[in-house]
Amino acid sequence: MRKYFLLGAVALLATTTANATTDYAEVTARATIEVANTMDCTDLDFGTIVVKKDNGISTVNTQLYGAPEGWTSGDIISATNLSSSVCVFDVDVGIQYPSSINLVGPSENVTAELSGSIDTIFGVLTIPAKVTAGEYEGHFTVTRTY
């Protein structure tokens with residue numbers, strides 16, 4: 001009885017494989033690789049900012065630096081040595097960059113909103129209330145396509 005069961009099982013398996021269908025596909029993989037040249041950009045520097053103790057939310061704007069009013073708001077006592085970022089290149093085409101970045105510091109992040117013209121990037125730094133003193137730094141990538 002066992003012999004007939006094993007023969008039946010083998011016959012069933014053989015029949016199942018004999019009726020199987022195999023599908024296949026050929027797939028093409030592609031990649032486009034471009035090589036980017038480097039360009040020179042100066043740092044976007046919000047300088048040295050002095051705020052009042054227990055300050056409220058405050059801002060510093062590198063675009064309006066040097067203007068009689070409007071380049072700082074809130075509890076800023078002084079802001080010195082600010083500079084916008086300037087990128088140097090031969091072809092007069094616009095640059096691309098993120099709309100904002102976080103500057104990481106001792107206890108919290110401060111945010112800089114970015115804007116600009118063809119070769120210059122300006123920043124408006126928003127300083128949170130009761131900010132902790134220290135160095136704050138962030139990085140971003142500038143690109144241009146021509």
# chains A, B, ... in the order shown; residues from 1 in each chain; ligands from 1
$ residues_around --residues "stretch 120-127 of chain A" --least-positions-apart "5" --cutoff "6 Å" --atoms "only C-alpha atoms" --output "list in words"
Ile57, Ser58, Thr59, Val60, Asn61, Thr62, Gln63, Ser84, Ser85, Val86, Val110, Thr111, Ala112, Glu113, Leu114 and Ser115 of chain A
$ write_last_selection --atoms "N, CA and C atoms" --output "compact mmCIF listing (two decimals), in the first residue's frame"
# COMPACT_ATOMS: atom_id res chain seq x y z
N ILE A 57 11.79 86.54 20.41
CA ILE A 57 12.17 86.14 19.06
C ILE A 57 12.73 87.37 18.33
N SER A 58 13.87 87.20 17.69
CA SER A 58 14.56 88.31 17.03
C SER A 58 15.08 87.86 15.67
N THR A 59 15.37 88.83 14.78
CA THR A 59 15.90 88.50 13.46
C THR A 59 17.06 89.40 13.08
N VAL A 60 17.92 88.86 12.21
CA VAL A 60 19.02 89.61 11.61
C VAL A 60 18.97 89.33 10.11
N ASN A 61 19.03 90.39 9.28
CA ASN A 61 18.89 90.27 7.83
C ASN A 61 20.17 90.75 7.15
N THR A 62 20.88 89.84 6.45
CA THR A 62 22.13 90.23 5.80
C THR A 62 21.88 91.10 4.57
N GLN A 63 20.71 91.03 3.96
CA GLN A 63 20.42 91.83 2.76
C GLN A 63 20.31 93.31 3.11
N SER A 84 26.64 88.69 3.12
CA SER A 84 25.90 87.77 2.28
C SER A 84 26.90 86.87 1.58
N SER A 85 26.42 85.76 1.04
CA SER A 85 27.27 84.85 0.28
C SER A 85 27.29 85.30 -1.17
N VAL A 86 28.49 85.39 -1.76
CA VAL A 86 28.62 85.77 -3.17
C VAL A 86 29.33 84.63 -3.89
N VAL A 110 18.70 77.43 15.29
CA VAL A 110 18.16 78.69 14.80
C VAL A 110 17.97 78.50 13.30
N THR A 111 17.01 79.19 12.72
CA THR A 111 16.66 79.00 11.32
C THR A 111 17.02 80.23 10.52
N ALA A 112 17.55 79.99 9.32
CA ALA A 112 17.85 81.08 8.39
C ALA A 112 17.03 80.86 7.12
N GLU A 113 16.24 81.84 6.75
CA GLU A 113 15.51 81.84 5.48
C GLU A 113 16.44 82.44 4.44
N LEU A 114 16.54 81.80 3.28
CA LEU A 114 17.49 82.25 2.26
C LEU A 114 16.76 82.84 1.06
N SER A 115 17.36 83.86 0.46
CA SER A 115 16.85 84.47 -0.77
C SER A 115 18.06 85.04 -1.50
$ closest_residue --among "A:Tyr24, A:Phe89, A:Tyr136, A:Tyr146" --to "A:Asp45" --atoms "only C-alpha atoms"
A:Tyr136
